[in-house]
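Structure file model.pdb with PDB, C-alpha atoms and all ligand atoms:
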```
ATOM      1  CA  MET A   1      13.240 249.540 173.568
ATOM      2  CA  THR A   2      11.108 252.434 174.804
ATOM      3  CA  VAL A   3       7.368 252.453 175.417
ATOM      4  CA  ARG A   4       5.266 255.556 176.066
ATOM      5  CA  VAL A   5       2.220 255.109 178.327
ATOM      6  CA  PRO A   6      -0.543 257.613 179.149
ATOM      7  CA  ALA A   7      -2.072 258.706 182.445
ATOM      8  CA  LYS A   8      -5.824 258.345 182.951
ATOM      9  CA  VAL A   9      -8.695 260.227 184.441
ATOM     10  CA  ASN A  10     -11.917 258.512 185.521
ATOM     11  CA  VAL A  11     -14.813 260.487 184.090
ATOM     12  CA  GLN A  12     -17.127 258.227 186.064
ATOM     13  CA  LEU A  13     -16.091 256.094 188.987
ATOM     14  CA  ALA A  14     -19.097 254.283 190.461
ATOM     15  CA  VAL A  15     -18.186 252.106 193.448
ATOM     16  CA  GLY A  16     -20.193 249.276 195.013
ATOM     17  CA  GLY A  17     -19.776 247.624 198.400
ATOM     18  CA  ALA A  18     -16.638 245.707 199.436
ATOM     19  CA  ARG A  19     -16.463 242.161 198.003
ATOM     20  CA  PRO A  20     -15.333 239.098 199.958
ATOM     21  CA  ASP A  21     -11.891 239.413 198.287
ATOM     22  CA  GLY A  22     -11.528 242.970 199.626
ATOM     23  CA  PHE A  23     -11.923 244.638 196.227
ATOM     24  CA  HIS A  24     -14.946 246.708 195.191
ATOM     25  CA  ASP A  25     -17.090 246.196 192.118
ATOM     26  CA  LEU A  26     -16.758 249.223 189.884
ATOM     27  CA  ALA A  27     -18.290 250.891 186.873
ATOM     28  CA  ASN A  28     -15.160 252.768 185.937
ATOM     29  CA  VAL A  29     -15.136 254.956 182.835
ATOM     30  CA  PHE A  30     -11.476 255.479 181.973
ATOM     31  CA  LEU A  31     -10.183 258.167 179.630
ATOM     32  CA  ALA A  32      -6.482 258.228 178.728
ATOM     33  CA  VAL A  33      -4.921 261.710 178.804
ATOM     34  CA  SER A  34      -1.796 263.135 177.188
ATOM     35  CA  LEU A  35       0.560 263.007 180.182
ATOM     36  CA  TYR A  36       3.034 260.173 179.690
ATOM     37  CA  ASP A  37       5.652 258.035 181.386
ATOM     38  CA  GLU A  38       8.305 256.415 179.213
ATOM     39  CA  VAL A  39       9.711 253.010 180.114
ATOM     40  CA  THR A  40      12.986 251.936 178.502
ATOM     41  CA  VAL A  41      14.269 248.379 178.782
ATOM     42  CA  THR A  42      17.841 247.300 178.048
ATOM     43  CA  PRO A  43      19.568 243.950 178.647
ATOM     44  CA  ALA A  44      21.545 243.940 181.933
ATOM     45  CA  ASP A  45      23.303 241.563 184.375
ATOM     46  CA  SER A  46      20.272 241.491 186.688
ATOM     47  CA  LEU A  47      16.863 243.117 187.105
ATOM     48  CA  ARG A  48      17.099 246.724 188.197
ATOM     49  CA  VAL A  49      14.871 249.792 188.054
ATOM     50  CA  THR A  50      15.853 253.460 187.846
ATOM     51  CA  CYS A  51      13.663 256.526 187.617
ATOM     52  CA  THR A  52      14.035 260.162 186.597
ATOM     53  CA  GLY A  53      11.525 263.009 186.583
ATOM     54  CA  PRO A  54      10.135 265.587 189.033
ATOM     55  CA  ASP A  55       8.647 262.956 191.432
ATOM     56  CA  ALA A  56      11.403 260.333 190.952
ATOM     57  CA  ASP A  57      12.378 260.292 194.634
ATOM     58  CA  GLN A  58       8.891 258.989 195.551
ATOM     59  CA  VAL A  59       9.058 255.977 193.215
ATOM     60  CA  PRO A  60       9.973 252.614 194.816
ATOM     61  CA  LEU A  61      12.841 251.000 192.916
ATOM     62  CA  ASP A  62      12.589 247.547 194.462
ATOM     63  CA  ARG A  63      10.549 244.540 193.346
ATOM     64  CA  THR A  64       7.320 246.239 194.480
ATOM     65  CA  ASN A  65       7.590 248.547 191.461
ATOM     66  CA  LEU A  66       4.963 247.363 188.955
ATOM     67  CA  ALA A  67       7.521 247.657 186.125
ATOM     68  CA  ALA A  68       9.780 245.099 187.843
ATOM     69  CA  ARG A  69       6.819 242.825 188.589
ATOM     70  CA  ALA A  70       5.660 243.012 184.970
ATOM     71  CA  ALA A  71       9.105 241.922 183.725
ATOM     72  CA  GLU A  72       9.172 239.044 186.246
ATOM     73  CA  LEU A  73       5.661 237.809 185.386
ATOM     74  CA  LEU A  74       6.254 237.846 181.628
ATOM     75  CA  ALA A  75       9.679 236.218 182.006
ATOM     76  CA  ALA A  76       8.293 233.447 184.258
ATOM     77  CA  ARG A  77       5.597 232.578 181.708
ATOM     78  CA  HIS A  78       8.149 232.282 178.888
ATOM     79  CA  GLY A  79      11.067 230.658 180.724
ATOM     80  CA  ILE A  80      13.234 233.778 180.436
ATOM     81  CA  THR A  81      15.513 235.228 183.131
ATOM     82  CA  PRO A  82      14.440 238.861 183.554
ATOM     83  CA  ASP A  83      17.938 240.348 183.443
ATOM     84  CA  VAL A  84      17.023 243.834 182.306
ATOM     85  CA  HIS A  85      17.477 247.444 183.295
ATOM     86  CA  LEU A  86      14.111 249.197 183.369
ATOM     87  CA  HIS A  87      14.352 252.966 183.278
ATOM     88  CA  ILE A  88      11.223 255.013 183.981
ATOM     89  CA  ASP A  89      11.143 258.610 182.793
ATOM     90  CA  LYS A  90       8.253 259.762 184.944
ATOM     91  CA  ASP A  91       5.942 262.627 184.078
ATOM     92  CA  ILE A  92       2.716 261.235 185.628
ATOM     93  CA  PRO A  93       2.177 262.296 189.265
ATOM     94  CA  VAL A  94       3.079 259.587 191.808
ATOM     95  CA  ALA A  95       0.208 258.230 193.978
ATOM     96  CA  GLY A  96      -1.991 260.876 192.389
ATOM     97  CA  GLY A  97      -4.977 258.865 191.183
ATOM     98  CA  MET A  98      -3.795 259.011 187.554
ATOM     99  CA  ALA A  99      -2.545 255.404 187.235
ATOM    100  CA  GLY A 100       1.142 256.341 187.089
ATOM    101  CA  GLY A 101       2.303 253.071 188.661
ATOM    102  CA  SER A 102      -0.071 251.108 186.428
ATOM    103  CA  ALA A 103       1.333 252.927 183.381
ATOM    104  CA  ASP A 104       4.844 251.785 184.313
ATOM    105  CA  GLY A 105       3.640 248.178 184.690
ATOM    106  CA  ALA A 106       1.952 248.190 181.278
ATOM    107  CA  GLY A 107       4.920 249.997 179.700
ATOM    108  CA  ALA A 108       7.501 247.563 181.081
ATOM    109  CA  LEU A 109       5.371 244.620 179.984
ATOM    110  CA  LEU A 110       5.115 245.851 176.398
ATOM    111  CA  ALA A 111       8.802 246.855 176.288
ATOM    112  CA  CYS A 112      10.021 243.472 177.623
ATOM    113  CA  ASP A 113       7.657 241.654 175.280
ATOM    114  CA  ALA A 114       9.156 243.545 172.329
ATOM    115  CA  LEU A 115      12.752 243.038 173.571
ATOM    116  CA  TRP A 116      12.315 239.301 174.160
ATOM    117  CA  SER A 117      10.039 238.681 171.120
ATOM    118  CA  THR A 118       7.909 236.363 173.252
ATOM    119  CA  GLY A 119       5.086 236.245 170.728
ATOM    120  CA  ALA A 120       2.571 236.679 173.578
ATOM    121  CA  SER A 121      -0.966 237.378 172.405
ATOM    122  CA  ARG A 122      -2.824 240.571 173.337
ATOM    123  CA  GLU A 123      -5.037 238.407 175.628
ATOM    124  CA  GLU A 124      -1.994 237.067 177.487
ATOM    125  CA  LEU A 125      -0.612 240.597 177.959
ATOM    126  CA  LEU A 126      -4.000 241.801 179.244
ATOM    127  CA  ASP A 127      -4.097 238.810 181.594
ATOM    128  CA  ILE A 128      -0.722 239.749 183.076
ATOM    129  CA  CYS A 129      -1.869 243.371 183.335
ATOM    130  CA  ALA A 130      -4.926 242.299 185.368
ATOM    131  CA  GLU A 131      -2.641 240.278 187.657
ATOM    132  CA  LEU A 132      -0.514 243.402 188.220
ATOM    133  CA  GLY A 133      -3.441 245.635 189.233
ATOM    134  CA  SER A 134      -6.994 246.716 188.478
ATOM    135  CA  ASP A 135      -6.002 249.766 186.374
ATOM    136  CA  VAL A 136      -3.096 248.188 184.461
ATOM    137  CA  PRO A 137      -5.133 246.684 181.560
ATOM    138  CA  PHE A 138      -6.465 250.136 180.730
ATOM    139  CA  SER A 139      -2.938 251.607 180.663
ATOM    140  CA  LEU A 140      -2.095 249.079 177.947
ATOM    141  CA  VAL A 141      -5.256 249.739 175.921
ATOM    142  CA  GLY A 142      -5.687 253.537 176.323
ATOM    143  CA  GLY A 143      -8.355 255.564 174.521
ATOM    144  CA  ALA A 144     -11.567 255.247 176.506
ATOM    145  CA  ALA A 145     -13.085 252.175 178.111
ATOM    146  CA  LEU A 146     -15.612 251.031 180.671
ATOM    147  CA  GLY A 147     -13.957 248.914 183.352
ATOM    148  CA  THR A 148     -16.192 246.537 185.289
ATOM    149  CA  GLY A 149     -15.425 243.830 187.859
ATOM    150  CA  ARG A 150     -12.675 245.421 189.968
ATOM    151  CA  GLY A 151     -11.991 247.665 186.943
ATOM    152  CA  GLU A 152      -9.967 245.154 184.916
ATOM    153  CA  LEU A 153     -12.709 243.892 182.556
ATOM    154  CA  LEU A 154     -12.632 246.404 179.731
ATOM    155  CA  THR A 155     -15.168 247.368 177.083
ATOM    156  CA  PRO A 156     -13.749 249.920 174.623
ATOM    157  CA  LEU A 157     -15.754 253.137 174.231
ATOM    158  CA  THR A 158     -15.984 255.513 171.293
ATOM    159  CA  VAL A 159     -14.916 259.126 171.828
ATOM    160  CA  GLY A 160     -16.296 261.605 169.300
ATOM    161  CA  GLY A 161     -14.057 264.616 169.966
ATOM    162  CA  THR A 162     -11.111 266.037 171.900
ATOM    163  CA  PHE A 163     -11.573 266.977 175.556
ATOM    164  CA  HIS A 164      -9.283 269.531 177.233
ATOM    165  CA  TRP A 165      -8.266 269.037 180.844
ATOM    166  CA  VAL A 166      -6.342 270.761 183.600
ATOM    167  CA  PHE A 167      -4.803 268.619 186.335
ATOM    168  CA  ALA A 168      -3.931 270.165 189.684
ATOM    169  CA  MET A 169      -1.288 268.191 191.564
ATOM    170  CA  ALA A 170      -1.402 268.130 195.361
ATOM    171  CA  ASP A 171       1.483 267.780 197.806
ATOM    172  CA  GLY A 172       2.038 264.105 198.671
ATOM    173  CA  GLY A 173      -0.036 261.146 197.529
ATOM    174  CA  LEU A 174      -3.099 259.305 198.821
ATOM    175  CA  SER A 175      -3.089 255.548 199.364
ATOM    176  CA  THR A 176      -5.745 253.862 197.210
ATOM    177  CA  PRO A 177      -6.659 251.204 199.858
ATOM    178  CA  THR A 178      -7.037 253.963 202.477
ATOM    179  CA  VAL A 179      -9.401 255.912 200.211
ATOM    180  CA  PHE A 180     -11.486 252.776 199.548
ATOM    181  CA  ARG A 181     -11.644 252.118 203.327
ATOM    182  CA  GLU A 182     -12.841 255.680 203.903
ATOM    183  CA  PHE A 183     -15.446 255.143 201.156
ATOM    184  CA  ASP A 184     -16.684 252.048 203.052
ATOM    185  CA  ARG A 185     -16.924 254.065 206.262
ATOM    186  CA  LEU A 186     -18.843 256.909 204.582
ATOM    187  CA  THR A 187     -21.031 254.648 202.370
ATOM    188  CA  PRO A 188     -22.163 251.572 204.315
ATOM    189  CA  ASP A 189     -24.988 250.855 201.828
ATOM    190  CA  ALA A 190     -23.287 251.397 198.459
ATOM    191  CA  ALA A 191     -25.571 250.609 195.502
ATOM    192  CA  PRO A 192     -24.406 248.265 192.709
ATOM    193  CA  PRO A 193     -22.344 250.413 190.312
ATOM    194  CA  ALA A 194     -23.565 251.197 186.782
ATOM    195  CA  ALA A 195     -22.255 253.393 183.961
ATOM    196  CA  ALA A 196     -24.414 256.467 183.294
ATOM    197  CA  PRO A 197     -25.937 256.390 179.769
ATOM    198  CA  ALA A 198     -25.807 260.217 179.519
ATOM    199  CA  LEU A 199     -22.063 260.182 180.234
ATOM    200  CA  LEU A 200     -21.378 257.499 177.618
ATOM    201  CA  ALA A 201     -23.430 259.522 175.109
ATOM    202  CA  ALA A 202     -21.422 262.685 175.900
ATOM    203  CA  LEU A 203     -18.173 260.789 175.215
ATOM    204  CA  ARG A 204     -19.557 259.319 172.010
ATOM    205  CA  THR A 205     -20.652 262.684 170.642
ATOM    206  CA  GLY A 206     -17.616 264.596 171.949
ATOM    207  CA  ASP A 207     -19.933 267.028 173.772
ATOM    208  CA  THR A 208     -17.796 268.811 176.390
ATOM    209  CA  THR A 209     -20.680 270.622 178.088
ATOM    210  CA  ALA A 210     -22.678 267.391 178.408
ATOM    211  CA  LEU A 211     -19.628 265.543 179.746
ATOM    212  CA  ALA A 212     -19.075 268.308 182.320
ATOM    213  CA  GLY A 213     -22.644 267.809 183.545
ATOM    214  CA  THR A 214     -22.186 264.076 184.045
ATOM    215  CA  LEU A 215     -18.669 263.732 185.576
ATOM    216  CA  SER A 216     -18.848 261.792 188.840
ATOM    217  CA  ASN A 217     -16.539 260.050 191.253
ATOM    218  CA  ASP A 218     -17.888 258.040 194.190
ATOM    219  CA  LEU A 219     -14.423 258.166 195.804
ATOM    220  CA  GLN A 220     -14.395 261.966 195.858
ATOM    221  CA  ALA A 221     -16.096 262.393 199.255
ATOM    222  CA  ALA A 222     -13.618 259.908 200.753
ATOM    223  CA  ALA A 223     -10.598 261.660 199.213
ATOM    224  CA  VAL A 224     -11.847 265.084 200.397
ATOM    225  CA  SER A 225     -12.596 263.662 203.853
ATOM    226  CA  LEU A 226      -8.960 262.476 204.092
ATOM    227  CA  ARG A 227      -7.586 265.648 202.467
ATOM    228  CA  PRO A 228     -10.036 268.527 203.168
ATOM    229  CA  ALA A 229      -7.850 271.049 201.293
ATOM    230  CA  LEU A 230      -8.937 269.395 198.026
ATOM    231  CA  ALA A 231     -12.266 271.239 198.393
ATOM    232  CA  ASP A 232     -10.326 274.534 198.026
ATOM    233  CA  THR A 233      -8.592 273.272 194.861
ATOM    234  CA  LEU A 234     -11.938 272.186 193.383
ATOM    235  CA  ALA A 235     -13.458 275.586 194.179
ATOM    236  CA  ALA A 236     -10.439 277.431 192.706
ATOM    237  CA  GLY A 237     -10.659 275.473 189.429
ATOM    238  CA  THR A 238     -14.347 276.192 189.031
ATOM    239  CA  ALA A 239     -13.827 279.877 189.911
ATOM    240  CA  ALA A 240     -11.107 279.961 187.214
ATOM    241  CA  GLY A 241     -13.661 278.981 184.569
ATOM    242  CA  ALA A 242     -13.593 275.172 184.475
ATOM    243  CA  LEU A 243     -16.884 273.660 183.289
ATOM    244  CA  ALA A 244     -16.559 271.063 186.069
ATOM    245  CA  GLY A 245     -13.961 269.602 188.394
ATOM    246  CA  LEU A 246     -13.541 266.320 190.225
ATOM    247  CA  VAL A 247     -10.993 264.274 192.104
ATOM    248  CA  SER A 248      -9.102 261.975 189.710
ATOM    249  CA  GLY A 249      -9.584 258.349 190.795
ATOM    250  CA  SER A 250      -8.573 257.986 194.444
ATOM    251  CA  GLY A 251      -6.825 261.390 194.329
ATOM    252  CA  PRO A 252      -5.319 263.654 195.411
ATOM    253  CA  THR A 253      -4.898 265.020 191.863
ATOM    254  CA  THR A 254      -7.948 267.047 190.810
ATOM    255  CA  ALA A 255      -9.123 267.200 187.193
ATOM    256  CA  PHE A 256     -10.928 270.096 185.524
ATOM    257  CA  LEU A 257     -12.735 269.990 182.212
ATOM    258  CA  ALA A 258     -12.208 273.118 180.085
ATOM    259  CA  LYS A 259     -14.228 274.485 177.153
ATOM    260  CA  ASP A 260     -11.176 274.446 174.840
ATOM    261  CA  ALA A 261      -7.351 274.441 174.842
ATOM    262  CA  GLU A 262      -7.086 278.188 175.409
ATOM    263  CA  SER A 263      -9.433 278.093 178.382
ATOM    264  CA  ALA A 264      -7.438 275.160 179.818
ATOM    265  CA  GLU A 265      -4.212 277.240 179.723
ATOM    266  CA  ARG A 266      -5.977 280.122 181.493
ATOM    267  CA  ILE A 267      -7.426 277.852 184.192
ATOM    268  CA  ALA A 268      -4.011 276.239 184.732
ATOM    269  CA  SER A 269      -2.304 279.578 185.315
ATOM    270  CA  GLU A 270      -5.065 280.752 187.676
ATOM    271  CA  LEU A 271      -4.812 277.488 189.603
ATOM    272  CA  ARG A 272      -1.016 277.916 189.904
ATOM    273  CA  ALA A 273      -1.563 281.457 191.243
ATOM    274  CA  SER A 274      -4.317 280.322 193.650
ATOM    275  CA  GLY A 275      -1.911 278.599 196.039
ATOM    276  CA  THR A 276      -4.282 275.625 196.319
ATOM    277  CA  CYS A 277      -2.066 273.138 194.441
ATOM    278  CA  ARG A 278       1.572 272.193 193.925
ATOM    279  CA  ALA A 279       1.427 272.400 190.122
ATOM    280  CA  ALA A 280      -1.103 272.519 187.300
ATOM    281  CA  ARG A 281      -0.785 270.859 183.892
ATOM    282  CA  VAL A 282      -2.940 270.847 180.787
ATOM    283  CA  ALA A 283      -3.614 267.684 178.791
ATOM    284  CA  SER A 284      -6.089 266.416 176.231
ATOM    285  CA  SER A 285      -7.938 263.178 175.643
ATOM    286  CA  ALA A 286      -8.382 260.546 174.479
ATOM    287  CA  ALA A 287      -4.692 259.515 174.272
ATOM    288  CA  PRO A 288      -3.461 256.225 172.777
ATOM    289  CA  GLY A 289      -2.474 253.339 175.049
ATOM    290  CA  ALA A 290       1.025 251.941 175.613
ATOM    291  CA  THR A 291       2.999 252.400 172.396
ATOM    292  CA  VAL A 292       6.497 251.303 171.396
ATOM    293  CA  VAL A 293       8.302 254.507 170.411
ATOM    294  CA  GLY A 294      11.759 252.973 169.887
ATOM    295  CA  ARG A 295      14.402 255.324 171.149
ATOM    296  CA  PRO A 296      13.750 257.308 174.349
ATOM    297  CA  ALA A 297      12.594 260.845 173.515
ATOM    298  CA  ARG A 298      14.063 262.123 176.785
ATOM    299  CA  ARG A 299      17.272 260.308 177.637
ATOM    300  CA  PRO A 300      18.299 260.099 181.316
ATOM    301  CA  GLY A 301      21.180 262.511 181.976
ATOM    302  CA  PRO A 302      24.419 261.361 183.657
ATOM    303  CA  GLY A 303      23.684 262.981 187.041
ATOM    304  CA  ASN A 304      20.032 262.076 187.470
ATOM    305  CA  ASP A 305      19.965 258.322 187.071
ATOM    306  CA  ARG A 306      19.169 257.130 190.596
ATOM    307  CA  PRO A 307      20.447 253.582 191.192
ATOM    308  CA  ALA A 308      18.160 250.788 192.364
ATOM    309  CA  ARG A 309      17.922 250.255 196.125
ATOM    310  CA  SER A 310      17.776 246.471 195.933
TER     311      SER A 310
HETATM  312  O1  LIG B 401      -5.779 246.503 191.936
HETATM  313  P1  LIG B 401      -4.863 247.408 192.672
HETATM  314  O2  LIG B 401      -3.647 246.693 193.192
HETATM  315  O3  LIG B 401      -4.493 248.641 191.928
HETATM  316  O4  LIG B 401      -5.671 247.903 193.925
HETATM  317  C1  LIG B 401      -5.053 248.559 194.996
HETATM  318  C2  LIG B 401      -5.986 248.537 196.187
HETATM  319  O5  LIG B 401      -7.119 249.382 195.935
HETATM  320  C3  LIG B 401      -6.584 247.196 196.508
HETATM  321  O6  LIG B 401      -5.731 246.464 197.345
HETATM  322  C4  LIG B 401      -7.877 247.573 197.205
HETATM  323  O7  LIG B 401      -7.632 247.946 198.546
HETATM  324  C5  LIG B 401      -8.300 248.816 196.466
HETATM  325  N1  LIG B 401      -9.234 248.511 195.349
HETATM  326  C6  LIG B 401     -10.534 248.133 195.658
HETATM  327  N2  LIG B 401     -11.398 247.856 194.633
HETATM  328  C7  LIG B 401     -11.017 247.948 193.344
HETATM  329  C8  LIG B 401      -9.694 248.322 193.014
HETATM  330  C9  LIG B 401      -8.830 248.607 194.043
HETATM  331  O8  LIG B 401     -10.914 248.055 196.824
HETATM  332  N3  LIG B 401     -11.885 247.671 192.388
END
```
Please go through the file and, once you have read it, give me the structure as structure tokens.
Amino acid sequence: MTVRVPAKVNVQLAVGGARPDGFHDLANVFLAVSLYDEVTVTPADSLRVTCTGPDADQVPLDRTNLAARAAELLAARHGITPDVHLHIDKDIPVAGGMAGGSADGAGALLACDALWSTGASREELLDICAELGSDVPFSLVGGAALGTGRGELLTPLTVGGTFHWVFAMADGGLSTPTVFREFDRLTPDAAPPAAAPALLAALRTGDTTALAGTLSNDLQAAAVSLRPALADTLAAGTAAGALAGLVSGSGPTTAFLAKDAESAERIASELRASGTCRAARVASSAAPGATVVGRPARRPGPGNDRPARS
């Protein structure tokens, strides 16, 4: 059973002060984009996780992997022993602020649910997603949504057109808790977060220029403070013709909105030549959420299937 799950970009990420539970209240406007991980589940003697893809060596293969935790949580609720092999074919940058780990959690959950025919309702699956992490429910749902609370309470949003993006990948990841801590240091008096009506209208009408004028990320200053070179990447993307650029989520991936698909390709090649990023990829939105695709489109080869560490 194989499930394909999209990456996300936050077109607005408004962050409030730290809550007593350590999380932050958010107004988080998620947009799913057409970069995907694929999670394949097969029956096995015990739970194990393998991963292939350009960043595979950075993916933890132990029980901290959200795919493994998703299988365990669903199995525990339905009295099943989670003896499965979860294989992740990873195309979403690791620790990049694009919800790659969350995608694998949502993908494994849907794949195991289909394999075991648990009959779990959508609400139960969303509940498990929220237990796995703040961004995981959105990975299941896809499209566009406003996330409130710590980001897990979703209201679907209408998107009236296709948006074209360029993503510039940085070397290494950024830890989400570290970025939130830096936000707290830089923003001692954070205002209660709210979604911007003009941004929601731009999504609804599919107006790229209007969306470019309203993109915002309250974590950007924190991510740039921790990784000052991101300012050079943002400047290079804008100089290459992007309508706007911002840090994706907690970073360090940067996202650039392009006028159209052709412009996105041009910006991506200029970014690659600029020397300010490790790689640049184009993608479009909104992409569908986690979807059962049956057979894996890209099967793991014999020499690249890294075994689980524990
Ligand atoms: O929910 P998730 O496990 O993805 O969150 C990872 C970390 O990011 C949290 O432990 C917390 O430090 C930070 N976070 C936060 N406020 C949120 C979401 C995440 O402070 N709304």
query: Applied to the shown file, which residues does the PyMOL selection byres (((not hetatm)) within 7 of (chain B and resi 401)) return, written as a list in words?
result: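 This file, filtered by the PyMOL selection byres (((not hetatm)) within 7 of (chain B and resi 401)), leaves Ala18, Gly22, Phe23, His24, Asp25, Leu26, Leu132, Gly133, Ser134, Asp135, Gly149, Arg150, Gly151, Thr176, Pro177 and Phe180 of chain A.
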field: Spatial neighbours of A:Asp260, max dist 12 Å, only C-alpha atoms, sep filter under 6 positions, as a ChimeraX atom specification
entry: /A:161-166,207-209,241-243,266-267,282-285
field: Nearest to A:Thr214, chosen from A:Pro54, A:Pro192, A:Gly245, A:Pro137, with all atoms listed in the file counted in the distances
entry: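 Answer, going by the shortest atom-to-atom distance: A:Gly245.
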- prompt: Which residue out of A:Gly17, A:Ala231, A:Ala108, A:Thr40 has the minimum interatomic distance to A:Leu186 when all atoms listed in the file are used?
  reply: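 Among A:Gly17, A:Ala231, A:Ala108, A:Thr40, it is A:Gly17 that comes nearest to A:Leu186.
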- request: Quick one: everything within 12 Å of A:Leu153, counting all atoms listed in the file, minus sequence neighbours fewer than 6 positions away in the same chain. Send it as a list in words.
  value: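 Contacts, with the query itself left out: Asp25, Leu26, Ala27, Asn28, Val29, Phe30, Glu123, Leu126, Asp127, Cys129, Ala130, Glu131, Gly133, Ser134, Asp135, Val136, Pro137, Phe138, Val141, Ala145, Leu146 and Gly147 of chain A.
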- request: Kindly give the distance, in Å, that separates atom CA of A:Gly206 and atom CA of A:Leu157, rounded to a single decimal.
  value: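 Separation of atom CA of A:Gly206 and atom CA of A:Leu157: 11.8 Å.
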- prompt: What gap, in Å, lies between atom CA of A:Ser274 and atom CA of A:Leu230?
  reply: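 Atom-to-atom, atom CA of A:Ser274 to atom CA of A:Leu230, that is 12.6 Å.
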query: Which one is closest to A:Arg204: A:Ala261, A:Val11, A:Val159, A:Ala268? Count all atoms listed in the file.
result: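 Closest residue, counting all atoms listed in the file: A:Val159.
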field: Atom-to-atom span, atom CA of A:Arg19 and atom CA of A:Pro6, Å
entry: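 Spanning atom CA of A:Arg19 to atom CA of A:Pro6 is a straight-line distance of 29.1 Å.
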message: Evaluate the PyMOL selection byres (((chain A and resi 82-86) around 12) and not hetatm) against this structure - the residues, as a ChimeraX atom specification, please.
response: /A:1-3,38-52,61-63,65-81,87-89,104-105,107-113,115-116,300,305-308
Please output stretch 30-44 of chain A, rebuilt to include N, CA and C atoms, as a PDB file, in the frame of the given file.
```pdb
ATOM      1  N   PHE A  30     -12.849 254.979 182.103  1.00  0.00           N
ATOM      2  CA  PHE A  30     -11.476 255.479 181.973  1.00  0.00           C
ATOM      3  C   PHE A  30     -11.335 256.314 180.701  1.00  0.00           C
ATOM      4  N   LEU A  31     -10.557 257.374 180.803  1.00  0.00           N
ATOM      5  CA  LEU A  31     -10.183 258.167 179.630  1.00  0.00           C
ATOM      6  C   LEU A  31      -8.681 258.413 179.732  1.00  0.00           C
ATOM      7  N   ALA A  32      -7.943 258.010 178.709  1.00  0.00           N
ATOM      8  CA  ALA A  32      -6.482 258.228 178.728  1.00  0.00           C
ATOM      9  C   ALA A  32      -6.188 259.672 178.346  1.00  0.00           C
ATOM     10  N   VAL A  33      -5.247 260.298 179.050  1.00  0.00           N
ATOM     11  CA  VAL A  33      -4.921 261.710 178.804  1.00  0.00           C
ATOM     12  C   VAL A  33      -3.439 261.853 178.443  1.00  0.00           C
ATOM     13  N   SER A  34      -3.117 262.976 177.805  1.00  0.00           N
ATOM     14  CA  SER A  34      -1.796 263.135 177.188  1.00  0.00           C
ATOM     15  C   SER A  34      -0.693 263.570 178.167  1.00  0.00           C
ATOM     16  N   LEU A  35      -0.622 262.910 179.310  1.00  0.00           N
ATOM     17  CA  LEU A  35       0.560 263.007 180.182  1.00  0.00           C
ATOM     18  C   LEU A  35       1.148 261.603 180.159  1.00  0.00           C
ATOM     19  N   TYR A  36       2.464 261.499 179.959  1.00  0.00           N
ATOM     20  CA  TYR A  36       3.034 260.173 179.690  1.00  0.00           C
ATOM     21  C   TYR A  36       4.246 259.857 180.562  1.00  0.00           C
ATOM     22  N   ASP A  37       4.379 258.585 180.924  1.00  0.00           N
ATOM     23  CA  ASP A  37       5.652 258.035 181.386  1.00  0.00           C
ATOM     24  C   ASP A  37       6.279 257.296 180.212  1.00  0.00           C
ATOM     25  N   GLU A  38       7.612 257.233 180.214  1.00  0.00           N
ATOM     26  CA  GLU A  38       8.305 256.415 179.213  1.00  0.00           C
ATOM     27  C   GLU A  38       9.125 255.356 179.935  1.00  0.00           C
ATOM     28  N   VAL A  39       8.967 254.123 179.507  1.00  0.00           N
ATOM     29  CA  VAL A  39       9.711 253.010 180.114  1.00  0.00           C
ATOM     30  C   VAL A  39      10.676 252.460 179.069  1.00  0.00           C
ATOM     31  N   THR A  40      11.963 252.450 179.426  1.00  0.00           N
ATOM     32  CA  THR A  40      12.986 251.936 178.502  1.00  0.00           C
ATOM     33  C   THR A  40      13.601 250.680 179.098  1.00  0.00           C
ATOM     34  N   VAL A  41      13.676 249.635 178.304  1.00  0.00           N
ATOM     35  CA  VAL A  41      14.269 248.379 178.782  1.00  0.00           C
ATOM     36  C   VAL A  41      15.529 248.084 177.973  1.00  0.00           C
ATOM     37  N   THR A  42      16.597 247.722 178.714  1.00  0.00           N
ATOM     38  CA  THR A  42      17.841 247.300 178.048  1.00  0.00           C
ATOM     39  C   THR A  42      18.354 246.044 178.742  1.00  0.00           C
ATOM     40  N   PRO A  43      19.002 245.140 178.010  1.00  0.00           N
ATOM     41  CA  PRO A  43      19.568 243.950 178.647  1.00  0.00           C
ATOM     42  C   PRO A  43      20.582 244.366 179.712  1.00  0.00           C
ATOM     43  N   ALA A  44      20.642 243.600 180.826  1.00  0.00           N
ATOM     44  CA  ALA A  44      21.545 243.940 181.933  1.00  0.00           C
ATOM     45  C   ALA A  44      21.966 242.646 182.627  1.00  0.00           C
TER      46      ALA A  44
END
```
